[in-house]
>>> print(open('run-v6.tsv').read())   # TSV, C-alpha atoms
chain	number	residue	atom	x	y	z
A	1	MET	CA	-53.24	-10.54	-28.16
A	2	LYS	CA	-50.33	-8.07	-28.24
A	3	THR	CA	-47.90	-8.28	-31.14
A	4	ILE	CA	-44.20	-7.47	-31.39
A	5	GLY	CA	-43.07	-6.88	-34.97
A	6	VAL	CA	-39.52	-7.02	-36.32
A	7	LEU	CA	-38.77	-4.76	-39.31
A	8	PHE	CA	-35.54	-5.74	-41.10
A	9	GLY	CA	-33.69	-5.87	-44.39
A	10	MET	CA	-30.87	-8.11	-45.60
A	11	GLU	CA	-29.77	-9.50	-42.24
A	12	ASN	CA	-30.64	-13.15	-41.63
A	13	THR	CA	-29.70	-14.42	-38.17
A	14	PHE	CA	-30.88	-11.78	-35.68
A	15	PRO	CA	-34.51	-11.12	-36.75
A	16	GLY	CA	-35.48	-14.80	-36.79
A	17	ALA	CA	-33.70	-15.54	-33.52
A	18	LEU	CA	-35.45	-12.60	-31.84
A	19	VAL	CA	-38.90	-13.76	-32.95
A	20	GLU	CA	-38.15	-17.35	-31.89
A	21	ASN	CA	-36.82	-16.22	-28.50
A	22	ILE	CA	-39.95	-14.22	-27.67
A	23	ASN	CA	-42.39	-16.87	-28.87
A	24	ALA	CA	-40.49	-19.69	-27.12
A	25	ARG	CA	-41.22	-18.05	-23.77
A	26	GLY	CA	-44.89	-18.88	-24.15
A	27	LEU	CA	-46.06	-15.59	-22.68
A	28	ASP	CA	-49.79	-15.27	-22.32
A	29	GLY	CA	-51.14	-12.61	-24.68
A	30	ILE	CA	-47.82	-11.71	-26.39
A	31	ARG	CA	-46.43	-13.00	-29.68
A	32	ALA	CA	-43.74	-11.89	-32.14
A	33	GLU	CA	-43.64	-11.91	-35.94
A	34	PHE	CA	-42.01	-10.23	-38.93
A	35	VAL	CA	-43.69	-6.95	-39.88
A	36	GLN	CA	-45.86	-6.95	-42.98
A	37	VAL	CA	-46.73	-3.52	-44.44
A	38	GLY	CA	-48.29	-2.32	-47.69
A	39	GLY	CA	-49.84	1.03	-48.51
A	40	VAL	CA	-50.08	2.96	-45.24
A	41	GLU	CA	-53.21	4.94	-44.47
A	42	MET	CA	-52.54	8.06	-42.44
A	43	ASP	CA	-53.43	8.10	-38.75
A	44	VAL	CA	-54.37	4.41	-38.75
A	45	ALA	CA	-52.97	1.97	-36.19
A	46	SER	CA	-50.19	-0.31	-37.45
A	47	GLY	CA	-51.51	-3.46	-35.80
A	48	TYR	CA	-48.30	-3.82	-33.77
A	49	ASP	CA	-47.82	-2.92	-30.12
A	50	VAL	CA	-44.02	-2.86	-30.45
A	51	ILE	CA	-41.80	-2.71	-33.53
A	52	VAL	CA	-38.07	-3.42	-33.40
A	53	ASP	CA	-36.67	-1.35	-36.28
A	54	ARG	CA	-33.56	-2.64	-38.06
A	55	ILE	CA	-33.82	-1.01	-41.49
A	56	SER	CA	-35.71	2.30	-41.67
A	57	HIS	CA	-32.47	4.33	-41.77
A	58	ASP	CA	-32.08	3.04	-45.34
A	59	ILE	CA	-35.75	3.02	-46.41
A	60	PRO	CA	-37.64	6.35	-46.21
A	61	PHE	CA	-40.97	4.52	-46.69
A	62	TYR	CA	-40.37	2.48	-43.55
A	63	ARG	CA	-39.28	5.54	-41.58
A	64	SER	CA	-42.52	7.38	-42.37
A	65	PHE	CA	-44.54	4.23	-41.62
A	66	LEU	CA	-42.93	4.00	-38.18
A	67	LYS	CA	-43.65	7.64	-37.35
A	68	ASN	CA	-47.29	7.09	-38.31
A	69	ALA	CA	-47.39	3.97	-36.12
A	70	ALA	CA	-45.88	5.84	-33.19
A	71	LEU	CA	-48.65	8.43	-33.35
A	72	ARG	CA	-51.13	5.65	-32.64
A	73	GLY	CA	-49.23	4.31	-29.63
A	74	THR	CA	-46.87	1.71	-31.11
A	75	GLN	CA	-43.62	1.54	-29.13
A	76	ILE	CA	-40.72	1.77	-31.60
A	77	ILE	CA	-37.19	0.52	-30.83
A	78	ASN	CA	-35.51	2.94	-31.64
A	79	ASN	CA	-37.52	6.17	-31.56
A	80	PRO	CA	-37.87	7.14	-35.26
A	81	PHE	CA	-38.34	10.84	-34.50
A	82	TRP	CA	-35.09	11.16	-32.57
A	83	TRP	CA	-33.13	9.05	-35.03
A	84	SER	CA	-34.31	11.26	-37.92
A	85	ALA	CA	-33.07	14.37	-36.11
A	86	ASP	CA	-29.69	13.00	-35.01
A	87	ASP	CA	-26.20	13.29	-36.49
A	88	LYS	CA	-22.72	12.29	-35.35
A	89	PHE	CA	-21.29	15.79	-34.99
A	90	PHE	CA	-24.11	16.70	-32.61
A	91	ASN	CA	-23.40	13.47	-30.73
A	92	TYR	CA	-19.76	14.43	-30.23
A	93	ALA	CA	-20.76	17.82	-28.85
A	94	LEU	CA	-23.34	16.21	-26.57
A	95	ALA	CA	-20.80	13.67	-25.33
A	96	SER	CA	-18.36	16.44	-24.49
A	97	ARG	CA	-21.04	18.30	-22.57
A	98	ALA	CA	-21.91	15.10	-20.70
A	99	GLY	CA	-18.31	14.61	-19.54
A	100	VAL	CA	-17.42	11.76	-21.90
A	101	ALA	CA	-13.99	11.98	-23.57
A	102	VAL	CA	-14.14	12.53	-27.35
A	103	PRO	CA	-11.34	13.34	-29.83
A	104	ARG	CA	-10.99	16.90	-31.14
A	105	THR	CA	-13.51	17.25	-33.97
A	106	VAL	CA	-14.39	19.92	-36.57
A	107	LEU	CA	-17.46	20.03	-38.83
A	108	LEU	CA	-16.68	20.79	-42.49
A	109	PRO	CA	-18.92	21.91	-45.36
A	110	SER	CA	-19.34	19.59	-48.33
A	111	LYS	CA	-16.69	19.80	-51.04
A	112	GLN	CA	-19.33	20.00	-53.78
A	113	LEU	CA	-22.50	22.08	-53.61
A	114	PRO	CA	-25.52	20.19	-52.23
A	115	PRO	CA	-28.21	19.34	-54.80
A	116	ASN	CA	-30.34	22.24	-56.03
A	117	THR	CA	-27.98	24.90	-54.66
A	118	THR	CA	-25.57	27.39	-56.24
A	119	GLU	CA	-22.66	29.52	-55.04
A	120	ARG	CA	-25.22	32.14	-54.00
A	121	SER	CA	-26.69	29.59	-51.56
A	122	MET	CA	-23.38	29.54	-49.68
A	123	ARG	CA	-22.89	33.28	-49.16
A	124	ASN	CA	-22.64	32.85	-45.37
A	125	LEU	CA	-19.79	30.37	-45.71
A	126	GLN	CA	-16.27	31.62	-45.01
A	127	TYR	CA	-14.14	31.13	-48.11
A	128	PRO	CA	-11.49	29.96	-48.17
A	129	LEU	CA	-11.68	28.14	-44.86
A	130	ASP	CA	-8.90	28.76	-42.37
A	131	TRP	CA	-7.31	25.37	-42.93
A	132	ASP	CA	-4.19	26.17	-40.87
A	133	THR	CA	-6.31	26.80	-37.75
A	134	ILE	CA	-8.41	23.67	-38.40
A	135	PHE	CA	-5.34	21.45	-38.86
A	136	SER	CA	-3.65	22.99	-35.82
A	137	TYR	CA	-6.68	22.24	-33.64
A	138	VAL	CA	-7.36	18.67	-34.83
A	139	GLY	CA	-3.81	17.58	-35.57
A	140	PHE	CA	-2.60	14.66	-37.69
A	141	PRO	CA	-3.13	11.78	-38.08
A	142	ALA	CA	-6.88	12.21	-38.30
A	143	PHE	CA	-10.03	10.66	-39.74
A	144	LEU	CA	-12.23	12.37	-42.32
A	145	LYS	CA	-15.73	10.89	-42.20
A	146	PRO	CA	-19.39	11.79	-42.90
A	147	HIS	CA	-21.13	13.69	-40.14
A	148	ASP	CA	-24.06	11.26	-40.20
A	149	GLY	CA	-22.78	8.17	-42.00
A	150	GLY	CA	-22.19	4.60	-40.91
A	151	GLY	CA	-20.74	1.25	-41.89
A	152	TRP	CA	-17.25	2.73	-42.39
A	153	ARG	CA	-18.40	4.21	-45.72
A	154	ASP	CA	-16.49	7.26	-47.04
A	155	VAL	CA	-14.02	7.17	-44.12
A	156	TYR	CA	-10.44	8.31	-44.81
A	157	HIS	CA	-7.36	8.00	-42.56
A	158	VAL	CA	-5.18	11.03	-43.34
A	159	HIS	CA	-1.69	11.81	-42.04
A	160	ASN	CA	-1.03	15.29	-43.41
A	161	ALA	CA	-2.64	18.18	-45.28
A	162	GLU	CA	-1.86	16.72	-48.70
A	163	GLU	CA	-3.62	13.43	-47.87
A	164	PHE	CA	-6.51	15.37	-46.38
A	165	PHE	CA	-7.16	17.45	-49.50
A	166	HIS	CA	-6.86	14.37	-51.74
A	167	ALA	CA	-9.50	12.61	-49.61
A	168	TYR	CA	-11.69	15.71	-49.27
A	169	ASP	CA	-11.84	16.02	-53.06
A	170	GLN	CA	-13.53	12.58	-53.16
A	171	THR	CA	-16.31	13.32	-50.66
A	172	ARG	CA	-18.75	14.74	-53.22
A	173	ASP	CA	-21.62	16.62	-51.50
A	174	LEU	CA	-21.26	14.88	-48.14
A	175	CYS	CA	-21.03	17.02	-45.02
A	176	MET	CA	-17.90	15.78	-43.26
A	177	VAL	CA	-16.08	15.92	-39.93
A	178	LEU	CA	-12.35	15.87	-39.35
A	179	GLN	CA	-11.50	14.10	-36.11
A	180	ALA	CA	-8.19	13.52	-34.35
A	181	ALA	CA	-7.03	9.91	-34.49
A	182	VAL	CA	-6.62	8.04	-31.22
A	183	ASN	CA	-3.48	5.92	-30.94
A	184	PHE	CA	-5.37	3.21	-29.14
A	185	THR	CA	-4.00	0.20	-27.32
A	186	GLU	CA	-7.47	-1.19	-26.57
A	187	TYR	CA	-10.77	-0.81	-28.40
A	188	PHE	CA	-14.27	-1.75	-27.28
A	189	ARG	CA	-17.65	-2.03	-28.93
A	190	CYS	CA	-20.53	-2.07	-26.46
A	191	TYR	CA	-24.12	-3.17	-26.92
A	192	VAL	CA	-26.39	-0.97	-24.83
A	193	VAL	CA	-30.00	-2.16	-24.46
A	194	GLY	CA	-32.83	-0.37	-22.69
A	195	GLN	CA	-30.37	2.30	-21.48
A	196	LYS	CA	-29.56	-0.13	-18.64
A	197	LYS	CA	-27.80	-3.27	-19.91
A	198	VAL	CA	-24.26	-3.11	-21.34
A	199	ARG	CA	-22.28	-5.83	-23.10
A	200	ILE	CA	-18.63	-4.82	-23.56
A	201	MET	CA	-16.93	-6.55	-26.49
A	202	GLN	CA	-13.26	-6.33	-27.41
A	203	TYR	CA	-12.99	-5.10	-30.99
A	204	ASP	CA	-10.27	-4.22	-33.48
A	205	PRO	CA	-11.34	-2.01	-36.43
A	206	ARG	CA	-7.95	-2.60	-38.11
A	207	ARG	CA	-8.76	-6.27	-38.78
A	208	PRO	CA	-10.81	-7.59	-41.73
A	209	TYR	CA	-14.52	-7.04	-41.14
A	210	HIS	CA	-15.35	-10.65	-40.23
A	211	GLU	CA	-12.48	-10.79	-37.68
A	212	ARG	CA	-13.05	-7.51	-35.83
A	213	TYR	CA	-14.74	-8.98	-32.75
A	214	VAL	CA	-11.84	-10.19	-30.63
A	215	HIS	CA	-12.58	-13.41	-28.75
A	216	ASP	CA	-9.08	-14.22	-27.50
A	217	GLY	CA	-7.70	-10.87	-26.34
A	218	PRO	CA	-6.06	-10.18	-22.97
A	219	ALA	CA	-8.36	-9.29	-20.07
A	220	PRO	CA	-8.75	-5.49	-19.77
A	221	ALA	CA	-8.33	-3.67	-16.45
A	222	LYS	CA	-11.50	-3.69	-14.34
A	223	ALA	CA	-11.30	0.07	-13.74
A	224	LEU	CA	-11.22	0.69	-17.49
A	225	LEU	CA	-14.22	-1.56	-18.09
A	226	LYS	CA	-16.13	0.24	-15.35
A	227	ARG	CA	-15.42	3.62	-16.99
A	228	VAL	CA	-16.44	2.27	-20.41
A	229	GLU	CA	-19.72	0.92	-19.03
A	230	LYS	CA	-20.49	4.20	-17.25
A	231	ASP	CA	-19.75	6.32	-20.33
A	232	ALA	CA	-21.76	4.03	-22.63
A	233	LEU	CA	-24.81	4.37	-20.38
A	234	THR	CA	-24.32	8.14	-20.10
A	235	LEU	CA	-24.33	8.51	-23.88
A	236	CYS	CA	-27.36	6.32	-24.57
A	237	GLN	CA	-29.38	7.90	-21.79
A	238	ALA	CA	-28.55	11.36	-23.12
A	239	LEU	CA	-29.40	10.36	-26.70
A	240	GLY	CA	-32.53	8.41	-25.83
A	241	TYR	CA	-31.49	5.25	-27.71
A	242	ASP	CA	-32.77	1.93	-26.38
A	243	LEU	CA	-30.63	-0.18	-28.73
A	244	ASN	CA	-27.22	1.09	-29.74
A	245	THR	CA	-23.57	0.24	-29.98
A	246	VAL	CA	-20.96	2.57	-28.54
A	247	GLU	CA	-17.31	2.34	-29.60
A	248	PHE	CA	-14.36	3.44	-27.47
A	249	ALA	CA	-10.72	3.77	-28.47
A	250	CYS	CA	-8.48	3.77	-25.39
A	251	GLU	CA	-5.23	5.74	-25.25
A	252	ASN	CA	-3.18	6.12	-22.04
A	253	GLY	CA	-6.01	4.58	-20.04
A	254	VAL	CA	-8.64	7.06	-21.34
A	255	PRO	CA	-11.60	5.65	-23.32
A	256	TYR	CA	-12.49	8.09	-26.13
A	257	ALA	CA	-15.99	7.72	-27.55
A	258	ILE	CA	-15.51	7.32	-31.30
A	259	ASP	CA	-18.81	6.11	-32.71
A	260	PHE	CA	-22.12	5.95	-30.89
A	261	MET	CA	-24.88	6.51	-33.43
A	262	ASN	CA	-25.62	2.90	-34.34
A	263	PRO	CA	-29.31	2.35	-33.52
A	264	ALA	CA	-29.45	-0.68	-35.86
A	265	PRO	CA	-26.11	-2.21	-34.86
A	266	ASP	CA	-24.52	-5.31	-36.29
A	267	ALA	CA	-26.03	-8.33	-34.55
A	268	ASP	CA	-25.12	-11.07	-36.98
A	269	LEU	CA	-24.22	-14.40	-35.40
A	270	HIS	CA	-21.32	-14.97	-37.76
A	271	SER	CA	-19.59	-11.65	-37.03
A	272	VAL	CA	-20.28	-11.03	-33.33
A	273	GLY	CA	-19.91	-14.64	-32.18
A	274	LYS	CA	-22.38	-16.89	-30.37
A	275	ALA	CA	-21.93	-15.53	-26.84
A	276	ASN	CA	-22.46	-11.90	-27.91
A	277	PHE	CA	-25.29	-12.94	-30.24
A	278	ASP	CA	-27.18	-14.83	-27.52
A	279	TRP	CA	-26.75	-11.89	-25.12
A	280	VAL	CA	-28.16	-9.27	-27.50
A	281	VAL	CA	-31.06	-11.48	-28.62
A	282	ASN	CA	-32.10	-12.09	-25.00
A	283	ALA	CA	-31.64	-8.45	-23.99
A	284	VAL	CA	-33.68	-7.08	-26.92
A	285	ALA	CA	-36.39	-9.70	-26.34
A	286	ASP	CA	-36.63	-8.62	-22.69
A	287	LEU	CA	-36.88	-4.98	-23.75
A	288	ALA	CA	-39.51	-5.59	-26.43
A	289	ILE	CA	-41.67	-7.58	-24.01
A	290	ALA	CA	-41.39	-4.87	-21.36
A	291	ARG	CA	-42.33	-2.20	-23.92
A	292	CYS	CA	-45.26	-4.30	-25.06
A	293	LYS	CA	-46.84	-3.78	-21.66
A	294	LEU	CA	-46.54	0.00	-22.07
A	295	SER	CA	-47.99	0.23	-25.58
A	296	GLY	CA	-51.37	1.50	-26.67
A	297	LYS	CA	-51.41	5.02	-25.26
A	298	PRO	CA	-50.86	7.56	-28.06
A	299	PRO	CA	-48.21	10.16	-27.23
A	300	GLU	CA	-48.99	13.81	-26.67
A	301	LEU	CA	-48.96	15.57	-30.04
A	302	LYS	CA	-45.95	17.81	-29.64
A	303	TRP	CA	-42.29	17.32	-30.52
A	304	SER	CA	-41.02	17.12	-26.95
A	305	ALA	CA	-43.30	14.13	-26.31
A	306	LEU	CA	-42.54	12.45	-29.65
A	307	LEU	CA	-38.81	12.76	-28.99
A	308	GLY	CA	-39.27	11.19	-25.57
A	309	ALA	CA	-38.29	14.30	-23.62
A	310	PRO	CA	-39.51	14.30	-20.02
A	311	GLU	CA	-42.28	16.72	-19.30
A	312	GLU	CA	-41.45	19.58	-17.00
A	313	LYS	CA	-43.78	19.55	-14.04
A	314	PRO	CA	-45.30	22.94	-13.35
A	315	ALA	CA	-44.38	24.47	-10.04
A	316	LYS	CA	-46.95	23.77	-7.36
A	317	LYS	CA	-49.24	26.65	-6.62
A	318	PRO	CA	-49.03	27.75	-3.04
A	319	SER	CA	-52.05	26.73	-1.04
A	320	LYS	CA	-54.48	29.35	0.22
A	321	LYS	CA	-53.34	28.49	3.69
A	322	SER	CA	-49.72	29.34	2.87
A	323	LEU	CA	-50.78	32.68	1.34
A	324	LYS	CA	-52.38	33.90	4.54
A	325	THR	CA	-50.44	36.50	6.48
A	326	PRO	CA	-49.27	34.83	9.66
A	327	LYS	CA	-50.73	36.24	12.81
A	328	ALA	CA	-48.43	38.19	15.07
A	329	PRO	CA	-47.49	36.26	18.17
A	330	LYS	CA	-49.42	37.21	21.31
A	331	PRO	CA	-47.44	39.19	23.86
A	332	PRO	CA	-46.52	37.26	27.01
A	333	LYS	CA	-48.94	37.63	29.89
A	334	THR	CA	-47.92	39.96	32.71
A	335	PRO	CA	-47.55	37.96	35.88
A	336	LYS	CA	-50.08	38.85	38.59
A	337	LYS	CA	-48.84	40.62	41.67
A	338	LYS	CA	-49.20	38.71	44.84
>>> encode(input="run-v6.tsv", output="structure tokens")
Amino acid sequence: MKTIGVLFGMENTFPGALVENINARGLDGIRAEFVQVGGVEMDVASGYDVIVDRISHDIPFYRSFLKNAALRGTQIINNPFWWSADDKFFNYALASRAGVAVPRTVLLPSKQLPPNTTERSMRNLQYPLDWDTIFSYVGFPAFLKPHDGGGWRDVYHVHNAEEFFHAYDQTRDLCMVLQAAVNFTEYFRCYVVGQKKVRIMQYDPRRPYHERYVHDGPAPAKALLKRVEKDALTLCQALGYDLNTVEFACENGVPYAIDFMNPAPDADLHSVGKANFDWVVNAVADLAIARCKLSGKPPELKWSALLGAPEEKPAKKPSKKSLKTPKAPKPPKTPKKK
């Protein structure tokens, strides 16, 4: 019997619905359940063929447990090695390289010294920073936000240098990014599952949290939706995430990727609505079942394999036959005289 485990925290609707969806299919040899974990022995199998991870970004114990499970062949959704290495500023740079539109963005050092450091630890840092050049490049209004945060925590909307410095003074030891604001007319949040399926949802981050998913908005242009779908797939395929949400703010017909590091995205029935909820439950169930059939083979013990990077195939050696010096062509026969 193969087992799909769901690892979760405070959320209530999605984990149970996912387990029920998988088990209701009555698949021979596959069942789903909530993960149970205690003290974790190193290099010992987890007992799960697939684990859908919804909480390890907040719980270091769970993150290490998942890495240990992956070493023994458990398929993890999402890859815990890649997620541990990722940050939003890198994502913006990667998106730009991949041809996806992103707002102008600058990485900033933390306002306060990181723990266990002193001024001597920062001797390579330019001081003071060239704020005039930074502000000229990004422009105002802008958003100041953590380079690897989520859930709209520690995000500031600033309209000038004075507002920026007031907000920056409150960011403690967080590494931040300053990003140009997009004066959007349309905004989308997209579920992307298995790097293949996309669910585009109209969204408005200016509304109260429980009203942000727009269920009665005007129909967007088909060409815009096609571009959004293409860019969402491009990002998730480049990042290697099998469950993610990608957010786009659209200005003058251009979708700018704003936020696309959400590997445990909101999937609560009461916030996303029943149609979106049913779609993501079914899509993740399909993915977990498909991954269940691939589980069991431990990965190669090197970082490229653990991160899911494709192996480079060595160039084929030329065959012995191809190495032989070709024979010179025979001269034409001289015709016989009659």
>>> closest_residue(input="run-v6.tsv", among="A:Pro103, A:Gly149, A:Gly139, A:Pro298", to="Asp58 in chain A", atoms="only C-alpha atoms")
A:Gly149
>>> residues_around(input="run-v6.tsv", residues="range 44-52 of chain A", least_positions_apart="6", cutoff="6 Å", atoms="only C-alpha atoms", output="PyMOL selection string")
chain A and resi 3-6+69+72+74-77+292+295
>>> closest_residue(input="run-v6.tsv", among="A:Phe277, A:Tyr256, A:Tyr168, A:Phe89", to="Tyr213 in chain A", atoms="all atoms listed in the file")
A:Phe277
>>> closest_residue(input="run-v6.tsv", among="A:Thr234, A:Ser56, A:Gln202, A:Gln179", to="Lys88 in chain A", atoms="only C-alpha atoms")
A:Gln179
>>> atom_distance(input="run-v6.tsv", atom1="CA of Glu33 in chain A", atom2="CA of Ile289 in chain A")
12.8 Å
>>> closest_residue(input="run-v6.tsv", among="A:Val106, A:Leu18, A:Ile59, A:Ala181", to="Tyr137 in chain A", atoms="all atoms listed in the file")
A:Val106
>>> closest_residue(input="run-v6.tsv", among="A:Val155, A:Gly240, A:Glu162, A:Val35", to="Gly16 in chain A", atoms="only C-alpha atoms")
A:Val35
>>> atom_distance(input="run-v6.tsv", atom1="CA of Gly150 in chain A", atom2="CA of Gly217 in chain A")
25.7 Å
